[in-house]
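Asker: Structure incoming, see below.
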Amino acid sequence: MSSSKWDKTKLVSRYVTEGPKSAPHRAYYYAMGMTEEQIHQPLVGVATCWNEAAPCNIALSRQAKAAKIGVSEAGATPREFTTITVTDGIAMGHEGMRSSLVSREVIADSVELTMRGHCYDALVGIAGCDKSLPGMMMVMVRLNVPSVFMYGGSILPGRFKDRDVTIIDVFEGVGKHATGEYSDEELKELECVACPSAGACGGQFTANTMACVSEAMGLALPGSAGAPAPYESRDEYAIASGQAVVELIRKNIRPRDIVTRKSLENAAAVVAATGGSTNAALHLPAIAHEAGIDFDLHDVAEIFKRTPYIADLKPGGRYVAKDMFEVGGVSVVLKELLKGGYLHGDCLTVTGKTLAQNLEHVEFPADQDVIRPITNPLSPTGGVVGLTGNLAPEGAIVKVAGMKNLVFEGTARVFDCEEDCFNAIQAKQIAEGDVLVIRYEGPKGGPGMREMLSTTAALYGQGMGDKVALITDGRFSGGTRGFCIGHLSPEAAVGGPVALINNGDRIRIDAEKGTIDLLVDEGELSARRAKWRPKQHNYQSGALWKYAQLVGSAQKGAVTHPGAKFETHTFVDL
């Protein structure tokens, strides 16, 4: 489409491209080699989280180039930019993990500022690792400009001792090495073969979970979440995403037309059905918050409880993202959920069609057991369960996919940071029947709500994974498995009940009933509460201090601003 056919009177890029007052702005565009036609077309931000920090992001620049081709072919002008990521696999198990959840907000904020500052009319957002996916979707909803999300793709599985392995096997390998099960040479071999390509972690961990969410919620093109990062077909999806976003400008379809209460319920359903990451219970409320929709941990957990678990994916199951892609991808899961009445098929998507229309031609694949039919699920309820009780009045969450025993009662063993617990595990100072308590790791108290994968993987590596439970006001990796309960709210830093636990207290967790209780009488708890004093963390300046001042409860997504309910305008209506 030529520029003469675009009416820019309602597009925000008019502030930098149209009329005599924009002559200085146009001068900058000419300096970058843009033609007059390109200047007067809609300007489309193509944002990625490309960097050299980790394999999750290393292929995103290539895909951005392809998305720009699609934007140009459709008659608009792409403007590429990048934002940060903090990659959990490398940040894991040390102080760097405090930066991870904070990066979700920085990603959303930095894309918002770039879009606002340069008056871009639409957004293609390509994200690779855990926090970058929700961060990119949050800003799309916040800005409410026509937007298409695309996942950068998963890593291919490695091979070790004649089986598929992922990065989680390496984390668990550290525990096996500590017990002598793996020699130095075996651990070295495992670390060298576990990650053979570009792409995000291969199991149904946070990145692949949120990629499935992007399709279920309607912000991504059908099928775009599936192909591994190295596959050339991913570039085709990037071109199509660029073309699709220009079509959304023409039709004036915006993210808040797509992200509704019903589509958020669809997103929660796909997390449950795939045994996805507990982190989704943090990210879905945060995305909802950007649209002004109340959808908290309890709402998410309610969907989890009523949705069958049908995709047999790691860490609770046997397969990786590549396997699901090869039998038809998340579309097959969505079609089964729709067939069973677990999805709202009438939700609008970035194709301009409804979810049900997008899935019309999807057939259930025969001769495979990666995805079960809805009539024969792995379990009748989702792979993730919400808990409440006197230890978590505002809620907590546990991934039960692959677990056999859903009830645990044991003796509290209390640690005020993750490192102390990890060291106790490595020193084999943990006993069967312990409930390990890691506190002061919440959004405020950490600050940053660290993930505990190094600790939980070390437990499994030592064969203790099903003999103890672990509870925290911090988070778990999507790769965590076992009786590991996260997101305890209120957190210890604000005087939540988790701050009142003493060594030797009895704790009962029932994931069938959805309860988590400290078996201490109320009189004793009141006495402890009267003596409790806030614990100061080490981050008294800088970005982590700033985050701690702003961040709210994990129950509502650990968000840092008032959200769409308090808006006086959206960016797109400037």
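Following the order of the structure tokens, chains are lettered A, B, ..., residues in each are numbered from 1, and ligands are numbered from 1.
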Which residues of region 55-111 of chain A come within 12 Å of region 416-437 of chain A, and what is each one's closest atom pair and distance in Å (one decimal), counting only C-alpha atoms, sorted by chain and residue number, as JSON lines?

Answerer:
{"residue": "A:Met92", "atom": "CA", "partner": "A:Glu418", "partner_atom": "CA", "distance": 10.9}
{"residue": "A:Gly93", "atom": "CA", "partner": "A:Glu419", "partner_atom": "CA", "distance": 7.6}
{"residue": "A:His94", "atom": "CA", "partner": "A:Glu419", "partner_atom": "CA", "distance": 7.6}
{"residue": "A:Glu95", "atom": "CA", "partner": "A:Glu419", "partner_atom": "CA", "distance": 9.3}
{"residue": "A:Met97", "atom": "CA", "partner": "A:Glu418", "partner_atom": "CA", "distance": 10.8}
{"residue": "A:Arg98", "atom": "CA", "partner": "A:Glu418", "partner_atom": "CA", "distance": 11.4}

Asker: Write a file of the selected residues as an mmCIF file, in the first residue's frame, keeping C-alpha atoms.

Answerer:
data_model
loop_
_atom_site.group_PDB
_atom_site.id
_atom_site.type_symbol
_atom_site.label_atom_id
_atom_site.label_comp_id
_atom_site.auth_asym_id
_atom_site.auth_seq_id
_atom_site.Cartn_x
_atom_site.Cartn_y
_atom_site.Cartn_z
ATOM 1 C CA MET A 92 20.161 -18.628 39.031
ATOM 2 C CA GLY A 93 21.484 -19.594 42.439
ATOM 3 C CA HIS A 94 23.255 -16.376 43.411
ATOM 4 C CA GLU A 95 22.620 -12.658 44.017
ATOM 5 C CA MET A 97 18.645 -13.735 40.536
ATOM 6 C CA ARG A 98 17.339 -10.686 42.416
#

Asker: Find the spatial neighbours of Ala76 (chain A), counting only C-alpha atoms, within a cut-off of 10 Å - ignore same-chain residues fewer than 6 positions away - and output them as a ChimeraX atom specification.

Answerer: /A:1-3,6,37-44,68-70,121-122,242-243,245-247,249

Asker: For the selection you just gave me, I'd like the residues written to a file as a short mmCIF file (atom, residue, chain, number, x, y, z; two decimals), in the first residue's frame, keeping C-alpha atoms.

Answerer:
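The resulting file, out_5.cif, is shown below:
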data_model
loop_
_atom_site.label_atom_id
_atom_site.label_comp_id
_atom_site.auth_asym_id
_atom_site.auth_seq_id
_atom_site.Cartn_x
_atom_site.Cartn_y
_atom_site.Cartn_z
CA MET A 1 0.00 0.00 0.00
CA SER A 2 1.44 3.43 -0.90
CA SER A 3 1.79 6.15 1.69
CA TRP A 6 -2.65 6.17 4.82
CA GLU A 37 7.31 7.41 1.36
CA GLN A 38 8.67 5.48 4.33
CA ILE A 39 8.47 8.56 6.56
CA HIS A 40 4.80 9.09 5.80
CA GLN A 41 3.79 5.47 6.35
CA PRO A 42 2.88 4.20 9.83
CA LEU A 43 5.97 3.66 11.98
CA VAL A 44 6.11 0.17 13.54
CA LYS A 68 10.83 -5.95 9.37
CA ILE A 69 10.51 -7.51 5.93
CA GLY A 70 6.89 -8.36 6.72
CA ASP A 121 2.06 3.44 15.75
CA ALA A 122 2.32 -0.31 16.36
CA GLY A 242 5.14 -8.08 10.62
CA GLN A 243 2.42 -8.30 7.97
CA VAL A 245 0.54 -5.96 12.70
CA VAL A 246 0.03 -3.67 9.70
CA GLU A 247 -3.34 -5.30 9.10
CA ILE A 249 -3.43 -0.89 12.18
#

Asker: Which is closer to Pro562 (chain A) than all the others in A:Leu470, A:Gly292, A:Leu133, A:Val270, using only C-alpha atoms?

Answerer: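 Checking each of A:Leu470, A:Gly292, A:Leu133, A:Val270 against Pro562 (chain A), counting only C-alpha atoms, the winner is A:Gly292.
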
Asker: Would you please give, as a ChimeraX atom specification, all residues of region 54-182 of chain A that DSSP assigns to alpha helix (DSSP H) based on the backbone?

Answerer: /A:60-73,88-91,98-118,132-143,167-179

Asker: Would you mind exporting the chosen residues as a short mmCIF file (atom, residue, chain, number, x, y, z; two decimals), in the first residue's frame, restricted to C-alpha atoms?

Answerer:
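So the final result, stored in result-v7.cif, reads:
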data_model
loop_
_atom_site.label_atom_id
_atom_site.label_comp_id
_atom_site.auth_asym_id
_atom_site.auth_seq_id
_atom_site.Cartn_x
_atom_site.Cartn_y
_atom_site.Cartn_z
CA LEU A 60 16.21 -12.75 18.06
CA SER A 61 18.09 -10.28 15.86
CA ARG A 62 17.70 -12.63 12.89
CA GLN A 63 13.97 -12.89 13.54
CA ALA A 64 13.60 -9.11 13.92
CA LYS A 65 15.10 -8.69 10.43
CA ALA A 66 12.44 -11.06 9.10
CA ALA A 67 9.64 -9.22 10.95
CA LYS A 68 10.83 -5.95 9.37
CA ILE A 69 10.51 -7.51 5.93
CA GLY A 70 6.89 -8.36 6.72
CA VAL A 71 6.13 -4.82 7.96
CA SER A 72 7.66 -3.28 4.83
CA GLU A 73 5.88 -5.66 2.47
CA ASP A 88 17.36 -16.88 34.67
CA GLY A 89 19.60 -19.83 33.87
CA ILE A 90 22.69 -17.69 34.31
CA ALA A 91 21.26 -15.52 37.10
CA ARG A 98 17.34 -10.69 42.42
CA SER A 99 17.46 -8.86 39.08
CA SER A 100 15.26 -11.35 37.22
CA LEU A 101 11.69 -10.39 38.12
CA VAL A 102 12.70 -6.72 38.27
CA SER A 103 13.73 -7.06 34.61
CA ARG A 104 10.12 -7.82 33.64
CA GLU A 105 9.15 -4.30 34.74
CA VAL A 106 12.23 -2.72 33.16
CA ILE A 107 11.50 -4.46 29.84
CA ALA A 108 7.91 -3.21 29.86
CA ASP A 109 8.95 0.28 30.96
CA SER A 110 11.79 0.63 28.47
CA VAL A 111 9.67 -0.50 25.51
CA GLU A 112 6.94 1.89 26.66
CA LEU A 113 9.39 4.79 26.80
CA THR A 114 10.86 3.99 23.39
CA MET A 115 7.41 3.74 21.81
CA ARG A 116 6.20 6.94 23.50
CA GLY A 117 9.35 8.92 22.83
CA HIS A 118 9.37 8.19 19.10
CA SER A 132 10.93 -10.98 28.55
CA LEU A 133 7.76 -12.73 27.35
CA PRO A 134 5.37 -11.32 29.97
CA GLY A 135 7.25 -8.00 29.96
CA MET A 136 6.66 -7.61 26.23
CA MET A 137 3.00 -8.65 26.47
CA MET A 138 2.44 -6.29 29.43
CA VAL A 139 3.66 -3.27 27.49
CA MET A 140 1.52 -4.14 24.48
CA VAL A 141 -1.57 -4.05 26.68
CA ARG A 142 -0.33 -0.95 28.53
CA LEU A 143 0.23 1.08 25.35
CA ILE A 167 19.37 -27.49 31.32
CA ILE A 168 17.38 -28.86 34.29
CA ASP A 169 19.35 -32.08 34.04
CA VAL A 170 22.52 -30.04 34.53
CA PHE A 171 21.10 -28.30 37.62
CA GLU A 172 20.08 -31.71 38.98
CA GLY A 173 23.48 -33.05 37.92
CA VAL A 174 25.07 -30.75 40.50
CA GLY A 175 23.17 -32.66 43.20
CA LYS A 176 24.13 -36.03 41.66
CA HIS A 177 27.74 -34.93 41.63
CA ALA A 178 27.50 -34.00 45.32
CA THR A 179 26.35 -37.55 46.17
#

Asker: Applying 9 Å and only C-alpha atoms, which residues near Ala548 (chain A) remain after dropping the ones on its own chain fewer than 5 positions away? List them as a list in words.

Answerer: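 What passes the distance filter is Pro443, Lys444, Gly445, Gly446, Pro447, Gly448, Tyr539 and Ala543 of chain A.
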
Asker: Please, what distance in Å, to one decimal, runs between CA of Phe81 (chain A) and CA of Val213 (chain A)?

Answerer: 24.0 Å

Asker: Write out as a list in words each polymer residue whose atoms come within 7 Å of Glu80 (chain A), counting only C-alpha atoms; drop sequence neighbours fewer than 5 positions from it.

Answerer: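 The filter keeps Gly45, Val46 and Ala47 of chain A.
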
Asker: If you measure from CA of Thr307 (chain A) to CA of Ala269 (chain A), what distance in Å do you get, rounded to one decimal?

Answerer: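 Answer for the CA of Thr307 (chain A) to CA of Ala269 (chain A) separation: 6.0 Å.
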
Asker: Compile the contact shell of Gly552 (chain A) as a PyMOL selection string: residues with an atom at most 12 Å away, counting only C-alpha atoms, same-chain residues fewer than 2 positions apart removed.

Answerer: chain A and resi 282+285-286+289+442-445+447-449+489-491+493-494+547-550+554-563

Asker: Could you list, as number ranges by chain, every residue within 8 Å of Cys49 (chain A), counting only C-alpha atoms and ignoring same-chain residues fewer than 2 positions away?

Answerer: A: 47, 51, 57, 60, 82-85, 126-128, 132

Asker: When you count only C-alpha atoms, which of these residues is closest to Gly410 (chain A): A:Phe325, A:Tyr342, A:Phe483, A:Trp532?

Answerer: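 Distance minimum relative to Gly410 (chain A) lands on A:Phe483.
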